[in-house]
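*Asks:* Pasting in a structure now, in structure tokens, and then I'll have a few things to ask.
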Amino acid sequence: MFAQFYQNIILKNPRSIFVILLIVLLSFGYYSKDFRLDASSETLLIEGDPDLKYLKEITKRYGSKEFLILTYTPNEGMISDNSINNLLSLKYKIQSLNWVHSVITLLDIPLLSNSDAPLQKRLKSFKTLKDDDVDRARGFDEIVSSPVFRNFVISEDGKTSGIIINIKKNDELKDIGNKSKEEIENYKDFIKKKNHQNILEIRDVIKSYENIGKIHLGGIPMIADDMMSFIKNDIIVFGIGVFLFIISTLWFVFRKLIWIIVPISSCFFSVIIMMGLLGLLGWKVTVISSNFIALMLILTMAMNIHMSTRFLQLKENHPNMKILELITLTTAKMFWPILYTVLTTIIAFLSLIFSEIKPIIDFGWMMTLGLITSFIITFTLLPALISFVPKENISLKEYKNSVITSFFAKISQNNHKIIFIITTIVIILSLIGISRLKVENSFINYFSKKTEIYKGMKLIDEKLGGTTPLEVILKFPKKEKSKTDDEFEDWEDENEDDNEKYWFTKDKVDKISSVHNYLDGLPQVGKVLSFSSIIDVATLLNNNKPLGTLEMGVLYSKIPESIKTEIIDPYISIKDNEARINLRIIDSQEDLRRNELIKKINYDLKNKIGLNENEFKLAGVLILFNNLLQSLFKSQILTLGLVMIGIFAMFIILFKNIKLSLIGVVPNFIAAFFILGVIGLLGIPLDMMTITIAAITIGIAVDNSIHYIYRFKEEFNNSNDYNKTLNLCHSTVGKAILNTSITIVFGFSILVLSKFIPTIYFGIFTGLAMLLAMISVLTLLPSLILIVKPFGK
């Protein structure tokens with residue numbers, strides 16, 4: 001019934017179908033204006049992650065400022081007149097930008113050792129390096145040796161300093177909870193544009209000061225903006241690159257203009273409709289899904305090459321048939337194999353929905369809708385366009401057999417042992433490699449060494465105390481008091497202000513110090529900041545005499561509010577009876593194993609420091625990114641089995657033959673596992689993109705098996721001769737498999753032009769997997785068919 005409807009309505013009315021498709025194209029093309037990108041850090045987090053919720057609580061409690069950071073390495077010494085004047089000039093220039101709240105430099109650090117006055121007085125009227133009557137050398141030494149500022153605003157060697165640019169808070173953000181979803185999205189877009197403009201302005205400032213030394217920009221707003229630029233660049237480069245390559249491939253394969261126009265039109269319609277659909281649904285393209293246009297072009301092209309090749313073969317075999325009859329016969333023969341290739345590829349992309357990470361889930365749904373769109377366009381637009389072309393302009397001058405597929409046919413028939421020996425070696429190497437796979441989240445290594453992101457992060461990592469933040473929150477028992485100290489006998493009777501004063505017990509301070517010192521001793525950890533750092537500074541200023549608990553309490557109550565807000569409140573919360581230790585991980589360490597480090601810290605805090613499980617909690621970006629990759633590892637590697645089962649079930653439904661289904665999936669599973677093995681053998685850590693390669697490879701590569709077996713079954717019914725059928729299949733469908741595989745392999749190779757390293761790995765390894773899958777389908781699969789004889793003897 002469907003076949004009759006398709007033939008009578010779709011195939012017999014090409015003009016009407018073409019007009020309808022044009023209307024659909026223009027309609028969705030209009031909504032493509034709402035096609036949006038997103039490079040925010042939220043796109044790399046697990047939805048509903050309790051650690052994310054906890055981090056937001058901590059951030060709210062201890063305060064958080066959005067900031068950019070500049071690394072400044074002057075041409076002359078850091079405290080020479082020129083360097084200080086240049087730094088002051090740079091500071092004031094940045095401060096004049098209307099979006100900047102404050103700029104903190106080396107010249108703003110309070111110098112408390114430059115005076116012999118009482119500590120409280122020094123805190124109220126401190127001097128800085130920019131003051132004329134300050135001993136600069138002594139002041140500089142104080143900052144370089146400071147437990148707080150060393151490896152924070154100044155490198156240990158004193159040659160590089162950090163310039164912190166605090167960004168003004170946007171008041172509109174307070175009322176965002178009362179706004180509609182559309183208003184929130186528009187607000188976010190406004191913030192992205194504003195942030196982009198801010199980054200351009202600060203880079204212009206840096207450019208005008210590049211003669212005073214080396215200056216690099218860093219910070220989350222800069223990374224988010226550069227990531228957005230990467231996504232835009234990737235979409236344009238991938239789209240144009242794949243488009244040009246497809247034209248070249250089509251010309252090489254068909255050498256006729258009509259067979260370039262028809263497939264390219266299908267690709268154009270599919271991509272524009274899909275972009276409009278994404279705009280309509282409000283789905284944003286992230287760094288993970290930035291290659292979806294390239295993927296759509298590649299997969300649409302593969303469908304069109306199979307259809308076009310089959311049409312030309314039928315035209316050659318039936319020269320007297322009318323165009324409509326040829327189109328009807330082609331679509332009848334290609335409908336089921338292409339439908340099943342689409343369904344198996346959809347199964348692979350749908351496996352991404354198990355990842356718990358919204359951008360990866362969205363990518364799975366994007367590609368699912370994209371494949372359905374491409375399938376519909378292929379079976380409507382392609383027949384319509386062919387029917388417009390005069391019959392004499394359709395055929396190729398000469399339809400040649402492929403030398404490559406003929407070579408593979410001979411190998412399949414005459415070299416079974418060699419094929420199986422190589423396959424066994426591949427399987428063994430794959431198993432060894434897979435056993436060495438590891439998941440890592442080195443954010444700095446996601447970027448090319450030539451990018452500003454990498455340069456800035458590397459310098460901050462090596463000179464200014466690390467990049468990836470980790471928080472350790474220490475929780476103290478409620479109503480704690482020391483029975484051994486007479487100062488606390490009347491604890492319960494004190495008012496709230498005195499409670500603040502008497503909060504600083506020896507137990508609390510010792511606990512903070514012991515955890516701080518433990519973390520500071522870890523080789524993977526850069527800068528550690530806590531209340532212990534403040535105590536160390538106070539001890540130095542007190543002639544190396546430790547402050548008593550009462551002295552600490554009194555000092556806390558007397559410190560000016562501005563200083564308290566900046567250097568104490570970020571590390572203790574008297575109200576919540578807890579302390580915060582902030583540390584940064586040296587992300588560029590080659591032997592850094594983040595998951596192991598987190599486990600080690602948790603274990604040591606319990607077993608070495610002696611804390612109970614409810615007395616501390618780890619939080620921060622390091623935890624969130626580690627959760628993301630551990631989740632991906634579990635979901636994608638484990639659900640790979642579901643993909644395999646789903647595709648095997650699809651084979652059984654299509655071929656109704658268990659033997660045939662088994663030998664059909666084997667070459668593709670081997671290709672996918674081999675690529676995972678290669679990644680493991682090369683020691684490349686799995687990340688958010690490479691971890692999905694195996695499932696996606698199986699889904700795309702299995703298309704070749706379906707086309708080959710479907711054609712083999714059809715031709716075998718005519719000849720009942722395995723060898724004869726094999727030669728025929730290699731010269732017909734084998735040629736289409738070769739052409740589509742080459743298109744896919746080189747299409748994926750375009751991804752190496754990305755500035756995002758995971759995308760480059762994704763392109764390289766998926767392309768290699770597809771190449772191996774193609775060779776397997778044209779050698780191992782036919783060899784298995786000849787040996788097993790699934791169609792009977």
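Starting from 1 in every chain, residues are counted up; chains themselves are A, B, ... following the order of the structure tokens, and ligands are numbered from 1 as listed.
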Set the distance at 12 Å and use only C-alpha atoms: which residues neighbour Asn151 of chain A once local chain neighbours fewer than 4 positions away are removed? I'd like the list as a ChimeraX atom specification.

*Replies:* /A:71,106,143-147,155-162,459-467,525-529,583-584,586

*Asks:* What would the file look like if the residues just selected were written as a compact mmCIF listing (two decimals), in the first residue's frame with C-alpha atoms?

*Replies:*
# COMPACT_ATOMS: atom_id res chain seq x y z
CA THR A 71 49.84 37.31 32.89
CA LEU A 106 51.10 43.57 42.21
CA ILE A 143 55.04 39.71 48.31
CA VAL A 144 57.20 36.99 46.71
CA SER A 145 57.60 35.23 50.07
CA SER A 146 53.98 35.78 51.16
CA PRO A 147 52.00 32.56 51.86
CA SER A 155 55.41 33.79 40.23
CA GLU A 156 57.94 32.12 42.51
CA ASP A 157 60.82 33.43 40.38
CA GLY A 158 59.38 36.97 40.54
CA LYS A 159 59.40 37.34 36.72
CA THR A 160 55.67 37.00 35.95
CA SER A 161 52.77 38.70 37.72
CA GLY A 162 49.02 38.24 37.45
CA LEU A 459 51.55 30.23 31.91
CA ILE A 460 49.01 30.48 34.74
CA ASP A 461 49.41 26.76 35.35
CA GLU A 462 53.21 26.86 35.56
CA LYS A 463 53.84 30.32 37.07
CA LEU A 464 50.73 31.35 38.98
CA GLY A 465 49.63 28.27 40.89
CA GLY A 466 47.60 26.07 38.54
CA THR A 467 44.34 26.39 36.64
CA VAL A 525 48.56 20.80 43.58
CA GLY A 526 49.62 24.37 42.82
CA LYS A 527 48.38 27.24 44.97
CA VAL A 528 46.50 26.47 48.20
CA LEU A 529 44.63 29.28 49.95
CA LEU A 583 43.36 24.97 45.73
CA ARG A 584 44.25 24.77 42.08
CA ILE A 586 48.52 21.98 37.88

*Asks:* Tell me, counting only C-alpha atoms, for each residue of segment 239-308 of chain A within 12 Å of segment 327-333 of chain A, which pair of atoms is nearest and how far apart they are in Å to one decimal, in rows ordered by chain and increasing number, as a tab-separated table.

*Replies:*
residue	atom	partner	partner_atom	distance
A:Met303	CA	A:Thr331	CA	11.7
A:Asn304	CA	A:Thr331	CA	11.4
A:His306	CA	A:Thr330	CA	10.1
A:Met307	CA	A:Thr330	CA	7.1
A:Ser308	CA	A:Thr330	CA	8.8

*Asks:* Take the residues from that selection and put them in a file with N, CA, C and O atoms, as a compact mmCIF listing (two decimals), in the first residue's frame.

*Replies:*
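Heads up, here's the output in result.txt:
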# COMPACT_ATOMS: atom_id res chain seq x y z
N MET A 303 24.04 8.21 1.17
CA MET A 303 22.74 7.71 0.66
C MET A 303 22.60 8.02 -0.83
O MET A 303 22.16 7.16 -1.62
N ASN A 304 22.95 9.24 -1.23
CA ASN A 304 22.78 9.67 -2.62
C ASN A 304 23.71 8.94 -3.57
O ASN A 304 23.33 8.64 -4.70
N HIS A 306 24.82 5.84 -3.15
CA HIS A 306 24.25 4.49 -3.32
C HIS A 306 23.07 4.51 -4.29
O HIS A 306 22.95 3.65 -5.17
N MET A 307 22.19 5.50 -4.13
CA MET A 307 21.02 5.62 -5.03
C MET A 307 21.45 5.89 -6.46
O MET A 307 20.97 5.25 -7.40
N SER A 308 22.36 6.85 -6.63
CA SER A 308 22.80 7.24 -7.98
C SER A 308 23.52 6.09 -8.68
O SER A 308 23.28 5.82 -9.87

*Asks:* Give the answer as one residue: which of A:Gly370, A:Pro685, A:Gly241, A:Gly276 has the shortest atom-to-atom distance to Gly747 of chain A, using only C-alpha atoms?

*Replies:*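 Of A:Gly370, A:Pro685, A:Gly241, A:Gly276, the one nearest Gly747 of chain A is A:Gly241, counting only C-alpha atoms.
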
*Asks:* Could you pull out the strand (DSSP E or B) residues of segment 64-299 of chain A from DSSP and send them as a PyMOL selection string?

*Replies:* chain A and resi 67-74+100-104+111+127+150+154+161-167+213-218+284-285

*Asks:* Print the selection's residues with N, CA, C and O atoms to a file, as a short mmCIF file (atom, residue, chain, number, x, y, z; two decimals), in the first residue's frame.

*Replies:*
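part.cif was written with the following content:
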data_model
loop_
_atom_site.label_atom_id
_atom_site.label_comp_id
_atom_site.auth_asym_id
_atom_site.auth_seq_id
_atom_site.Cartn_x
_atom_site.Cartn_y
_atom_site.Cartn_z
N PHE A 67 35.83 37.09 36.59
CA PHE A 67 37.05 37.87 36.35
C PHE A 67 37.82 37.32 35.15
O PHE A 67 37.66 36.18 34.73
N LEU A 68 38.66 38.19 34.61
CA LEU A 68 39.67 37.81 33.62
C LEU A 68 41.03 37.94 34.30
O LEU A 68 41.17 38.66 35.29
N ILE A 69 42.00 37.24 33.77
CA ILE A 69 43.35 37.36 34.34
C ILE A 69 44.35 37.57 33.21
O ILE A 69 44.28 36.92 32.17
N LEU A 70 45.25 38.54 33.43
CA LEU A 70 46.36 38.75 32.50
C LEU A 70 47.64 38.27 33.17
O LEU A 70 47.84 38.47 34.36
N THR A 71 48.49 37.61 32.40
CA THR A 71 49.84 37.31 32.89
C THR A 71 50.77 38.34 32.26
O THR A 71 50.74 38.56 31.05
N TYR A 72 51.56 38.97 33.11
CA TYR A 72 52.43 40.07 32.66
C TYR A 72 53.88 39.74 32.99
O TYR A 72 54.25 39.60 34.15
N THR A 73 54.69 39.56 31.93
CA THR A 73 56.13 39.31 32.09
C THR A 73 56.87 40.48 31.44
O THR A 73 57.00 40.52 30.21
N PRO A 74 57.32 41.47 32.25
CA PRO A 74 57.94 42.68 31.67
C PRO A 74 59.30 42.40 31.05
O PRO A 74 59.97 41.42 31.39
N VAL A 100 34.52 47.09 33.58
CA VAL A 100 35.48 46.63 34.59
C VAL A 100 35.11 47.19 35.96
O VAL A 100 34.91 48.40 36.12
N HIS A 101 35.00 46.31 36.95
CA HIS A 101 34.69 46.73 38.33
C HIS A 101 35.96 47.18 39.05
O HIS A 101 36.01 48.25 39.65
N SER A 102 37.00 46.34 38.99
CA SER A 102 38.26 46.68 39.65
C SER A 102 39.40 45.90 39.02
O SER A 102 39.18 44.86 38.39
N VAL A 103 40.60 46.43 39.17
CA VAL A 103 41.80 45.77 38.65
C VAL A 103 42.80 45.62 39.79
O VAL A 103 43.15 46.60 40.44
N ILE A 104 43.18 44.38 40.05
CA ILE A 104 44.13 44.13 41.15
C ILE A 104 45.47 43.70 40.53
O ILE A 104 45.53 42.74 39.76
N LEU A 111 51.41 46.09 51.85
CA LEU A 111 52.73 45.77 52.42
C LEU A 111 52.66 46.00 53.93
O LEU A 111 52.60 47.15 54.38
N LYS A 127 50.66 50.46 53.10
CA LYS A 127 51.27 51.02 51.91
C LYS A 127 51.39 49.94 50.83
O LYS A 127 51.27 48.75 51.13
N ARG A 150 52.31 34.63 46.91
CA ARG A 150 53.27 33.89 46.09
C ARG A 150 52.53 32.84 45.25
O ARG A 150 51.64 32.14 45.75
N ILE A 154 52.09 36.77 41.89
CA ILE A 154 53.49 36.82 41.46
C ILE A 154 54.04 35.40 41.40
O ILE A 154 53.76 34.58 42.27
N SER A 161 53.81 38.34 36.75
CA SER A 161 52.77 38.70 37.72
C SER A 161 51.39 38.51 37.07
O SER A 161 51.25 38.50 35.85
N GLY A 162 50.39 38.37 37.92
CA GLY A 162 49.02 38.24 37.45
C GLY A 162 48.26 39.54 37.65
O GLY A 162 48.44 40.22 38.66
N ILE A 163 47.44 39.90 36.69
CA ILE A 163 46.59 41.08 36.79
C ILE A 163 45.14 40.58 36.78
O ILE A 163 44.68 40.01 35.79
N ILE A 164 44.44 40.75 37.90
CA ILE A 164 43.06 40.28 38.03
C ILE A 164 42.10 41.40 37.63
O ILE A 164 42.16 42.49 38.20
N ILE A 165 41.24 41.11 36.64
CA ILE A 165 40.26 42.11 36.18
C ILE A 165 38.87 41.63 36.59
O ILE A 165 38.31 40.71 35.99
N ASN A 166 38.34 42.22 37.66
CA ASN A 166 37.00 41.86 38.13
C ASN A 166 35.95 42.56 37.27
O ASN A 166 36.03 43.77 37.04
N ILE A 167 34.96 41.78 36.81
CA ILE A 167 33.94 42.30 35.90
C ILE A 167 32.71 42.74 36.70
O ILE A 167 32.33 42.08 37.66
N GLY A 213 56.35 43.97 27.23
CA GLY A 213 56.64 42.62 27.70
C GLY A 213 55.65 41.63 27.14
O GLY A 213 54.86 41.95 26.24
N LYS A 214 55.65 40.41 27.66
CA LYS A 214 54.71 39.37 27.21
C LYS A 214 53.45 39.42 28.07
O LYS A 214 53.53 39.33 29.29
N ILE A 215 52.30 39.58 27.41
CA ILE A 215 51.02 39.64 28.12
C ILE A 215 50.09 38.60 27.50
O ILE A 215 49.89 38.59 26.29
N HIS A 216 49.54 37.72 28.35
CA HIS A 216 48.57 36.72 27.87
C HIS A 216 47.27 36.87 28.64
O HIS A 216 47.27 37.19 29.84
N LEU A 217 46.17 36.62 27.95
CA LEU A 217 44.84 36.73 28.56
C LEU A 217 44.33 35.35 28.96
O LEU A 217 44.50 34.37 28.24
N GLY A 218 43.68 35.27 30.12
CA GLY A 218 43.09 34.02 30.59
C GLY A 218 41.79 34.30 31.33
O GLY A 218 41.36 35.45 31.43
N LYS A 284 20.62 24.31 20.86
CA LYS A 284 21.85 25.04 20.54
C LYS A 284 22.97 24.08 20.16
O LYS A 284 23.08 22.99 20.71
N VAL A 285 23.79 24.53 19.22
CA VAL A 285 24.96 23.75 18.82
C VAL A 285 26.11 24.09 19.76
O VAL A 285 26.41 25.26 19.98
#

*Asks:* Which polymer residues have any atom within 12 Å of an atom of Ile240 of chain A, counting only C-alpha atoms, with same-chain residues fewer than 5 positions away left out, as a PDB file with N, CA, C and O atoms, in the first residue's frame?

*Replies:*
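As a result, selection_31.pdb now contains:
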ATOM      1  N   ASN A 233      33.825  28.893  13.731  1.00  0.00           N
ATOM      2  CA  ASN A 233      34.866  28.586  12.753  1.00  0.00           C
ATOM      3  C   ASN A 233      34.753  27.135  12.272  1.00  0.00           C
ATOM      4  O   ASN A 233      34.845  26.857  11.066  1.00  0.00           O
ATOM      5  N   ASP A 234      34.530  26.208  13.228  1.00  0.00           N
ATOM      6  CA  ASP A 234      34.425  24.796  12.869  1.00  0.00           C
ATOM      7  C   ASP A 234      33.244  24.539  11.941  1.00  0.00           C
ATOM      8  O   ASP A 234      33.358  23.800  10.957  1.00  0.00           O
ATOM      9  N   ILE A 235      32.094  25.148  12.268  1.00  0.00           N
ATOM     10  CA  ILE A 235      30.898  24.948  11.438  1.00  0.00           C
ATOM     11  C   ILE A 235      31.155  25.436  10.014  1.00  0.00           C
ATOM     12  O   ILE A 235      30.832  24.749   9.035  1.00  0.00           O
ATOM     13  N   PHE A 245      34.944  18.983  -0.854  1.00  0.00           N
ATOM     14  CA  PHE A 245      35.440  17.627  -1.042  1.00  0.00           C
ATOM     15  C   PHE A 245      34.391  16.748  -1.716  1.00  0.00           C
ATOM     16  O   PHE A 245      34.707  15.928  -2.585  1.00  0.00           O
ATOM     17  N   ILE A 246      33.130  16.932  -1.317  1.00  0.00           N
ATOM     18  CA  ILE A 246      32.045  16.140  -1.906  1.00  0.00           C
ATOM     19  C   ILE A 246      31.937  16.416  -3.407  1.00  0.00           C
ATOM     20  O   ILE A 246      31.770  15.492  -4.208  1.00  0.00           O
ATOM     21  N   ILE A 247      32.045  17.699  -3.783  1.00  0.00           N
ATOM     22  CA  ILE A 247      31.997  18.041  -5.215  1.00  0.00           C
ATOM     23  C   ILE A 247      33.135  17.344  -5.959  1.00  0.00           C
ATOM     24  O   ILE A 247      32.935  16.758  -7.030  1.00  0.00           O
ATOM     25  N   PHE A 268      22.050  20.112   0.431  1.00  0.00           N
ATOM     26  CA  PHE A 268      21.660  21.496   0.733  1.00  0.00           C
ATOM     27  C   PHE A 268      20.288  21.542   1.398  1.00  0.00           C
ATOM     28  O   PHE A 268      20.111  22.191   2.435  1.00  0.00           O
ATOM     29  N   ASN A 291      30.175  19.524  14.756  1.00  0.00           N
ATOM     30  CA  ASN A 291      30.429  18.809  13.490  1.00  0.00           C
ATOM     31  C   ASN A 291      29.163  18.186  12.902  1.00  0.00           C
ATOM     32  O   ASN A 291      29.240  17.394  11.988  1.00  0.00           O
ATOM     33  N   ILE A 293      26.785  19.465  11.017  1.00  0.00           N
ATOM     34  CA  ILE A 293      26.556  19.805   9.610  1.00  0.00           C
ATOM     35  C   ILE A 293      27.450  18.955   8.714  1.00  0.00           C
ATOM     36  O   ILE A 293      26.998  18.406   7.706  1.00  0.00           O
ATOM     37  N   ALA A 294      28.724  18.819   9.122  1.00  0.00           N
ATOM     38  CA  ALA A 294      29.648  17.976   8.348  1.00  0.00           C
ATOM     39  C   ALA A 294      29.153  16.536   8.307  1.00  0.00           C
ATOM     40  O   ALA A 294      29.163  15.886   7.255  1.00  0.00           O
ATOM     41  N   LEU A 297      26.141  16.233   5.990  1.00  0.00           N
ATOM     42  CA  LEU A 297      26.569  16.268   4.583  1.00  0.00           C
ATOM     43  C   LEU A 297      27.143  14.913   4.158  1.00  0.00           C
ATOM     44  O   LEU A 297      26.811  14.383   3.091  1.00  0.00           O
ATOM     45  N   GLY A 747      35.785  13.006   4.457  1.00  0.00           N
ATOM     46  CA  GLY A 747      34.879  13.965   5.097  1.00  0.00           C
ATOM     47  C   GLY A 747      35.230  14.160   6.558  1.00  0.00           C
ATOM     48  O   GLY A 747      35.304  15.287   7.059  1.00  0.00           O
ATOM     49  N   ILE A 750      38.336  16.277   7.435  1.00  0.00           N
ATOM     50  CA  ILE A 750      38.201  17.742   7.470  1.00  0.00           C
ATOM     51  C   ILE A 750      38.219  18.252   8.912  1.00  0.00           C
ATOM     52  O   ILE A 750      38.631  19.377   9.189  1.00  0.00           O
ATOM     53  N   LEU A 751      37.805  17.386   9.858  1.00  0.00           N
ATOM     54  CA  LEU A 751      37.734  17.804  11.264  1.00  0.00           C
ATOM     55  C   LEU A 751      39.111  18.121  11.859  1.00  0.00           C
ATOM     56  O   LEU A 751      39.191  18.742  12.915  1.00  0.00           O
ATOM     57  N   LEU A 753      40.984  20.255  10.900  1.00  0.00           N
ATOM     58  CA  LEU A 753      41.178  21.704  10.793  1.00  0.00           C
ATOM     59  C   LEU A 753      40.635  22.447  12.014  1.00  0.00           C
ATOM     60  O   LEU A 753      40.780  23.661  12.115  1.00  0.00           O
TER      61      LEU A 753
END

*Asks:* I want to know what sits within 10 Å of Ala224 of chain A, based on only C-alpha atoms, with residues of the same chain fewer than 3 positions away left out; could you give that as a ChimeraX atom specification?

*Replies:* /A:38-41,192,195-196,219-221,227-230,453

*Asks:* Considering only C-alpha atoms, state which residue in the set A:Ile742, A:Asn317, A:Ile559, A:Ile473 is at the smallest distance from Glu57 of chain A.

*Replies:*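 Ranking A:Ile742, A:Asn317, A:Ile559, A:Ile473 by distance to Glu57 of chain A, first place goes to A:Ile473.
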
*Asks:* With distances taken over only C-alpha atoms, which residue among A:Thr380, A:Thr309, A:Asn82, A:Thr368 lies nearest Leu21 of chain A?

*Replies:*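 Among A:Thr380, A:Thr309, A:Asn82, A:Thr368, it is A:Thr380 that comes nearest to Leu21 of chain A.
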
*Asks:* Would you list the contacts of Ala384 of chain A as a list of chain:residue names, taking every protein, DNA or RNA residue within 9 Å and counting only C-alpha atoms, but skipping same-chain residues closer than 6 positions in sequence?

*Replies:* A:Ile10, A:Leu11, A:Lys12, A:Asn13, A:Pro14, A:Arg15, A:Ile17, A:Phe18

*Asks:* Go ahead and save the residues from that selection, with all heavy atoms, as a JSON list (two decimals), in the first residue's frame.

*Replies:*
[["chain", "number", "residue", "atom", "x", "y", "z"],
["A", 10, "ILE", "N", 4.34, 10.34, -5.19],
["A", 10, "ILE", "CA", 5.69, 10.95, -5.13],
["A", 10, "ILE", "C", 6.38, 10.89, -6.49],
["A", 10, "ILE", "O", 6.78, 11.92, -7.04],
["A", 10, "ILE", "CB", 6.57, 10.28, -4.06],
["A", 10, "ILE", "CG1", 5.87, 10.23, -2.70],
["A", 10, "ILE", "CG2", 7.94, 10.97, -3.97],
["A", 10, "ILE", "CD1", 5.66, 11.55, -2.03],
["A", 11, "LEU", "N", 6.49, 9.68, -7.04],
["A", 11, "LEU", "CA", 7.30, 9.51, -8.25],
["A", 11, "LEU", "C", 6.62, 10.06, -9.50],
["A", 11, "LEU", "O", 7.30, 10.55, -10.41],
["A", 11, "LEU", "CB", 7.63, 8.03, -8.45],
["A", 11, "LEU", "CG", 8.47, 7.37, -7.33],
["A", 11, "LEU", "CD1", 8.79, 5.93, -7.68],
["A", 11, "LEU", "CD2", 9.76, 8.15, -7.08],
["A", 12, "LYS", "N", 5.30, 10.00, -9.56],
["A", 12, "LYS", "CA", 4.60, 10.44, -10.77],
["A", 12, "LYS", "C", 4.28, 11.94, -10.77],
["A", 12, "LYS", "O", 3.75, 12.44, -11.75],
["A", 12, "LYS", "CB", 3.29, 9.64, -10.93],
["A", 12, "LYS", "CG", 3.55, 8.18, -11.33],
["A", 12, "LYS", "CD", 2.27, 7.44, -11.62],
["A", 12, "LYS", "CE", 2.55, 6.00, -12.06],
["A", 12, "LYS", "NZ", 1.30, 5.24, -12.32],
["A", 13, "ASN", "N", 4.59, 12.62, -9.69],
["A", 13, "ASN", "CA", 4.31, 14.06, -9.62],
["A", 13, "ASN", "C", 5.56, 14.83, -9.19],
["A", 13, "ASN", "O", 5.57, 15.52, -8.16],
["A", 13, "ASN", "CB", 3.17, 14.34, -8.64],
["A", 13, "ASN", "CG", 1.88, 13.67, -9.06],
["A", 13, "ASN", "OD1", 1.20, 14.13, -9.97],
["A", 13, "ASN", "ND2", 1.53, 12.57, -8.40],
["A", 14, "PRO", "N", 6.65, 14.71, -9.98],
["A", 14, "PRO", "CA", 7.93, 15.33, -9.55],
["A", 14, "PRO", "C", 7.84, 16.85, -9.39],
["A", 14, "PRO", "O", 8.44, 17.41, -8.49],
["A", 14, "PRO", "CB", 8.90, 14.94, -10.67],
["A", 14, "PRO", "CG", 8.04, 14.61, -11.84],
["A", 14, "PRO", "CD", 6.78, 14.04, -11.28],
["A", 15, "ARG", "N", 7.07, 17.53, -10.29],
["A", 15, "ARG", "CA", 6.99, 19.00, -10.20],
["A", 15, "ARG", "C", 6.30, 19.43, -8.90],
["A", 15, "ARG", "O", 6.76, 20.35, -8.21],
["A", 15, "ARG", "CB", 6.24, 19.56, -11.41],
["A", 15, "ARG", "CG", 7.11, 19.58, -12.67],
["A", 15, "ARG", "CD", 6.36, 20.21, -13.85],
["A", 15, "ARG", "NE", 7.25, 20.31, -15.01],
["A", 15, "ARG", "CZ", 7.52, 19.32, -15.82],
["A", 15, "ARG", "NH1", 6.98, 18.12, -15.61],
["A", 15, "ARG", "NH2", 8.33, 19.49, -16.86],
["A", 17, "ILE", "N", 6.02, 17.69, -6.13],
["A", 17, "ILE", "CA", 6.90, 17.33, -4.99],
["A", 17, "ILE", "C", 8.01, 18.35, -4.85],
["A", 17, "ILE", "O", 8.33, 18.79, -3.74],
["A", 17, "ILE", "CB", 7.49, 15.91, -5.19],
["A", 17, "ILE", "CG1", 6.38, 14.85, -5.13],
["A", 17, "ILE", "CG2", 8.57, 15.61, -4.15],
["A", 17, "ILE", "CD1", 5.60, 14.81, -3.82],
["A", 18, "PHE", "N", 8.58, 18.78, -5.99],
["A", 18, "PHE", "CA", 9.67, 19.76, -5.95],
["A", 18, "PHE", "C", 9.19, 21.10, -5.38],
["A", 18, "PHE", "O", 9.88, 21.74, -4.57],
["A", 18, "PHE", "CB", 10.25, 19.96, -7.35],
["A", 18, "PHE", "CG", 11.46, 20.85, -7.39],
["A", 18, "PHE", "CD1", 12.66, 20.44, -6.82],
["A", 18, "PHE", "CD2", 11.40, 22.11, -7.97],
["A", 18, "PHE", "CE1", 13.78, 21.26, -6.83],
["A", 18, "PHE", "CE2", 12.52, 22.94, -7.99],
["A", 18, "PHE", "CZ", 13.71, 22.51, -7.42]]
